[in-house]
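What follows is a single structure, written as structure tokens, with notes after it.
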Amino acid sequence: MPKRIFSGAQPTGNLHIGNYLGALRNWVALQQEYESLFCVVNLHAITVPQGPKALAAKTLEVARIYLAAGIDPKVSTVFVQSDVPEHAELSWILNCVARISELERMTQFKDKAKKQRENVLAGLLTYPTLMAADILLYQTDLVPVGHDQKQHLELTRDIAIRFNRDFGETFRVPDAFIPKVGAKIMALDDASKKMSKSDENINGSITLVDDPDTIRRKFKRAVTDSGTEIRFDESRPAITNLLSIFQLLTGKEPSEVEAHFEGKGYAQLKSELADVTIEFLRPFQERMHAISDEELGRILSDGRDKAREIARATMREVKERMGIVGA
């Protein structure tokens, strides 16, 4: 049997080209080699306050983005987290296995708690146990993760090992999956930080739903470095970031990209990068809009049923191991 992969994205903010180049593109390739489950993790989204209408709309938008990116529902299981109640059920059980000191050590919690202070929600603290439940519920072998989630995956492994030790072998202990081809796209307004869908400055990212005028405006405002030469250079992160986006969207080698822009100025780079991005996103956005509400509902319903079949089997075993019984 092929190994199983689980991954997902929160329906908050706007997914951007960094999400596509760093994650979605890899998911599309992985689904041909692994049994794949791709989830819209809307329960994670509510660890910070969300507007109900916006959350509902974004949940369906992210599912459409998965499909438009090339996730094939005939090959992969595509579903919404809240449609499978076993996620929340297992999360509570894992809360009773995890140590509060482990949760408080999580860097993301510490960073967000520092910003929100007394307004931080309990769900933010227990976010990692919900993530552990997402992964362990499906007896996942491999989890594609970025650097910001590595710590959470390590905790997932620790929880699985502890549960197996205390109650008997129940969960597969997942490994991190580091794709051979990955990309870390930086913000357009600050090349020292990653492009983020939660960034307050909307000019920092090119979202997957941006129109051509917006794309041109954002690239025009993108920061650059001192000097005039256009080449890949770690000491000039802003220009290197723009070149990386151009390279990844065109499939050219770095040397070809440098040769193409030799003797040209920053304005030309930004203009051509906007053109390439617009042409890349055009068919993507057309595919998104072509997915009817009925088709999307059917795909998510089928995905829910397939996911629940696995989830129920895992929960039966978990409850049996722990002695959780009822009528």
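Residue numbering restarts at 1 in every chain; chains get A, B, ... in the order shown in the structure tokens, and ligands count up from 1 in that same order.
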
Helix (DSSP H, G or I) residues, from DSSP on the backbone, in stretch 249-286 of chain A, as a ChimeraX atom specification: /A:249-250,254-260,266-286

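Every protein, DNA or RNA residue with an atom at most 7 Å from A:Ala191, where only C-alpha atoms count and chain neighbours fewer than 5 positions away do not, is listed here: Met186, Pro237 and Ala238 of chain A.
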
Near-A:Ala57 list (12 Å; only C-alpha atoms; drop same-chain fewer than 2 positions) as number ranges by chain: A: 11-14, 42, 50-55, 59-64, 293

Output file for the selection above: C-alpha atoms, as a PDB file, in the first residue's frame:
ATOM      1  CA  PRO A  11      -9.438  29.440   5.568  1.00  0.00           C
ATOM      2  CA  THR A  12      -8.127  32.750   6.863  1.00  0.00           C
ATOM      3  CA  GLY A  13      -6.592  35.611   4.924  1.00  0.00           C
ATOM      4  CA  ASN A  14      -5.895  34.987   1.244  1.00  0.00           C
ATOM      5  CA  ASN A  42     -11.549  25.559   9.620  1.00  0.00           C
ATOM      6  CA  GLN A  50     -13.395  35.082  12.868  1.00  0.00           C
ATOM      7  CA  GLY A  51     -16.471  36.663  11.301  1.00  0.00           C
ATOM      8  CA  PRO A  52     -18.957  33.825  10.628  1.00  0.00           C
ATOM      9  CA  LYS A  53     -19.833  34.895   7.066  1.00  0.00           C
ATOM     10  CA  ALA A  54     -16.198  35.461   6.124  1.00  0.00           C
ATOM     11  CA  LEU A  55     -15.166  32.095   7.602  1.00  0.00           C
ATOM     12  CA  THR A  59     -13.742  27.750   3.693  1.00  0.00           C
ATOM     13  CA  LEU A  60     -15.366  27.152   0.310  1.00  0.00           C
ATOM     14  CA  GLU A  61     -12.850  29.404  -1.457  1.00  0.00           C
ATOM     15  CA  VAL A  62      -9.902  27.395  -0.126  1.00  0.00           C
ATOM     16  CA  ALA A  63     -11.560  24.152  -1.249  1.00  0.00           C
ATOM     17  CA  ARG A  64     -11.969  25.663  -4.729  1.00  0.00           C
ATOM     18  CA  ASP A 293     -21.510  25.236  -5.955  1.00  0.00           C
TER      19      ASP A 293
END

Kindly indicate which residue among A:Ile185, A:Ile5, A:Val80, A:Leu137 lies nearest to A:Ala160, using only C-alpha atoms for the distances. A:Leu137

Would you mind telling me which residue in A:Glu262, A:Asn201, A:Leu242, A:Gly251 lies nearest to A:Glu229 when using only C-alpha atoms? A:Glu262

Using only C-alpha atoms, I'd like a table of the residues in stretch 113-195 of chain A that come within 7 Å of stretch 17-35 of chain A; for each, show the closest atom pair and its distance in Å rounded to one decimal, ordered by chain and ascending number, as CSV.
residue,atom,partner,partner_atom,distance
A:Gly182,CA,A:Gly22,CA,5.3
A:Ala183,CA,A:Gly22,CA,4.6
A:Lys184,CA,A:Gly22,CA,6.1
A:Ile185,CA,A:Gly18,CA,5.1
A:Met195,CA,A:Gly18,CA,6.3

Okay, now the selection with C-alpha atoms, as a PDB file, in the first residue's frame?
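The resulting result-v6.pdb:
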ATOM      1  CA  GLY A 182      10.278  23.671  -2.373  1.00  0.00           C
ATOM      2  CA  ALA A 183      10.122  27.412  -2.265  1.00  0.00           C
ATOM      3  CA  LYS A 184      10.207  30.065   0.418  1.00  0.00           C
ATOM      4  CA  ILE A 185       8.763  33.229  -1.050  1.00  0.00           C
ATOM      5  CA  MET A 195       5.058  36.131   2.429  1.00  0.00           C
TER       6      MET A 195
END

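Between atom CA of A:Cys39 and atom CA of A:Phe6 the interatomic distance comes to 7.7 Å.
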
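Atom pair atom CA of A:Ser198 / atom CA of A:Met288: separated by 21.9 Å.
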
Leaving out A:Ile310 and any residue of its chain fewer than 3 positions from it, which residues lie within 9 Å of it when counting only C-alpha atoms, given as a PyMOL selection string? chain A and resi 137-139+306-307+313-315

Can you spit out the residues from that selection as a PDB file, in the first residue's frame, using C-alpha atoms?
ATOM      1  CA  LEU A 137      -6.666  10.325  13.112  1.00  0.00           C
ATOM      2  CA  TYR A 138      -5.753   9.141   9.610  1.00  0.00           C
ATOM      3  CA  GLN A 139      -2.764   7.000  10.598  1.00  0.00           C
ATOM      4  CA  LYS A 306     -14.135   8.815   2.815  1.00  0.00           C
ATOM      5  CA  ALA A 307     -12.367  10.676   5.626  1.00  0.00           C
ATOM      6  CA  ALA A 313     -11.959   3.189  12.667  1.00  0.00           C
ATOM      7  CA  THR A 314      -9.179   5.064  14.473  1.00  0.00           C
ATOM      8  CA  MET A 315     -11.546   6.396  17.155  1.00  0.00           C
TER       9      MET A 315
END

Stretch 213-227 of chain A environment, 9 Å, only C-alpha atoms, sequence neighbours closer than 2 positions dropped, as a PDB file with C-alpha atoms, in the first residue's frame:
ATOM      1  CA  ALA A 187       7.071  39.405   1.364  1.00  0.00           C
ATOM      2  CA  LEU A 188       7.136  42.040  -1.368  1.00  0.00           C
ATOM      3  CA  ASP A 189       7.264  44.857   1.174  1.00  0.00           C
ATOM      4  CA  ASP A 190       9.936  43.288   3.406  1.00  0.00           C
ATOM      5  CA  ALA A 191      12.260  40.608   2.036  1.00  0.00           C
ATOM      6  CA  ILE A 202      -1.979  43.689   1.747  1.00  0.00           C
ATOM      7  CA  ASN A 203       0.825  44.846  -0.567  1.00  0.00           C
ATOM      8  CA  GLY A 204       3.182  42.225   0.857  1.00  0.00           C
ATOM      9  CA  SER A 205       1.693  39.303  -1.056  1.00  0.00           C
ATOM     10  CA  ILE A 206       0.238  38.366  -4.433  1.00  0.00           C
ATOM     11  CA  THR A 207      -2.903  36.397  -3.657  1.00  0.00           C
ATOM     12  CA  ASP A 210      -5.748  39.076  -7.287  1.00  0.00           C
ATOM     13  CA  ASP A 211      -6.827  40.742 -10.547  1.00  0.00           C
ATOM     14  CA  GLU A 229      22.537  44.615 -11.284  1.00  0.00           C
ATOM     15  CA  ILE A 230      19.783  41.990 -11.504  1.00  0.00           C
ATOM     16  CA  ARG A 236      20.417  41.388  -1.938  1.00  0.00           C
ATOM     17  CA  PRO A 237      17.313  39.519  -0.698  1.00  0.00           C
ATOM     18  CA  ALA A 238      14.637  41.734  -2.270  1.00  0.00           C
ATOM     19  CA  ILE A 239      15.870  41.321  -5.860  1.00  0.00           C
ATOM     20  CA  LEU A 242      11.614  38.738  -7.220  1.00  0.00           C
ATOM     21  CA  TYR A 266      14.273  47.103 -11.892  1.00  0.00           C
ATOM     22  CA  ALA A 267      11.194  48.591 -13.587  1.00  0.00           C
ATOM     23  CA  LYS A 270       8.799  44.214 -12.097  1.00  0.00           C
ATOM     24  CA  SER A 271       6.821  44.688 -15.308  1.00  0.00           C
ATOM     25  CA  LEU A 273       7.234  39.590 -13.409  1.00  0.00           C
ATOM     26  CA  ALA A 274       3.721  41.049 -13.296  1.00  0.00           C
ATOM     27  CA  ASP A 275       3.060  39.771 -16.845  1.00  0.00           C
ATOM     28  CA  THR A 277       2.233  36.158 -12.784  1.00  0.00           C
ATOM     29  CA  ILE A 278      -0.946  37.377 -14.488  1.00  0.00           C
TER      30      ILE A 278
END

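For the pair atom CA of A:Ile100 and atom CA of A:Asp158, the separation is 13.4 Å.
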
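Within stretch 107-283 of chain A, DSSP run on the backbone puts these residues in strand (DSSP E or B): Leu142, Val143, Pro144, Asp175, Ala176, Phe177, Met186, Lys194 and Thr207 of chain A.
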
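Proximity ranking of A:Val257, A:Gly303, A:Asn241, A:Lys252 relative to A:Ser36 places A:Gly303 first, based on only C-alpha atoms.
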
Using only C-alpha atoms, which residues sit within 12 Å of A:Thr107 once same-chain residues fewer than 4 positions away are excluded, as a compact mmCIF listing (two decimals) with N, CA and C atoms, in the first residue's frame?
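Written out: selection_32.txt:
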# COMPACT_ATOMS: atom_id res chain seq x y z
N GLU A 102 4.42 21.44 27.53
CA GLU A 102 4.77 21.24 26.12
C GLU A 102 4.05 22.27 25.24
N LEU A 103 2.78 22.49 25.55
CA LEU A 103 1.99 23.42 24.74
C LEU A 103 2.48 24.85 24.92
N ASP A 111 4.53 33.58 20.57
CA ASP A 111 4.54 34.80 19.76
C ASP A 111 3.17 35.46 19.73
N LYS A 112 2.12 34.66 19.50
CA LYS A 112 0.78 35.22 19.40
C LYS A 112 0.26 35.66 20.76
N ALA A 113 0.59 34.91 21.81
CA ALA A 113 0.15 35.28 23.16
C ALA A 113 0.78 36.60 23.58
N LYS A 114 2.01 36.82 23.14
CA LYS A 114 2.71 38.06 23.48
C LYS A 114 1.99 39.27 22.86
N LEU A 124 -5.93 28.63 21.24
CA LEU A 124 -4.61 28.89 20.68
C LEU A 124 -3.55 28.05 21.38
N LEU A 125 -3.73 27.86 22.68
CA LEU A 125 -2.80 27.02 23.44
C LEU A 125 -2.90 25.57 23.00
N TYR A 127 -4.04 24.44 20.14
CA TYR A 127 -3.94 24.30 18.68
C TYR A 127 -3.08 23.09 18.29
N PRO A 128 -1.90 22.88 18.92
CA PRO A 128 -1.06 21.76 18.50
C PRO A 128 -1.68 20.39 18.74
N HIS A 147 8.91 25.21 7.91
CA HIS A 147 9.71 25.41 9.11
C HIS A 147 8.85 25.85 10.29
N ASP A 148 7.77 26.60 10.01
CA ASP A 148 6.95 27.12 11.11
C ASP A 148 6.09 26.05 11.78
N GLN A 149 5.98 24.87 11.15
CA GLN A 149 5.17 23.81 11.73
C GLN A 149 5.99 22.62 12.22
N LYS A 150 7.30 22.67 12.06
CA LYS A 150 8.14 21.54 12.46
C LYS A 150 8.01 21.23 13.95
N GLN A 151 7.96 22.27 14.77
CA GLN A 151 7.85 22.08 16.21
C GLN A 151 6.55 21.37 16.57
N HIS A 152 5.46 21.74 15.88
CA HIS A 152 4.17 21.11 16.13
C HIS A 152 4.20 19.64 15.73
N LEU A 155 5.87 17.61 18.37
CA LEU A 155 4.96 17.36 19.48
C LEU A 155 3.97 16.25 19.12

Identify which of the residues A:Leu208, A:Leu37, A:Met322, A:Ala132 lies closest to A:Ala98, counting only C-alpha atoms when measuring atom-to-atom distances. A:Ala132

Any idea what's packed within 9 Å of A:Phe177, counting only C-alpha atoms, ignoring anything in its chain fewer than 5 positions away? Could you give it as a VMD selection string? chain A and resid 5 142 to 145
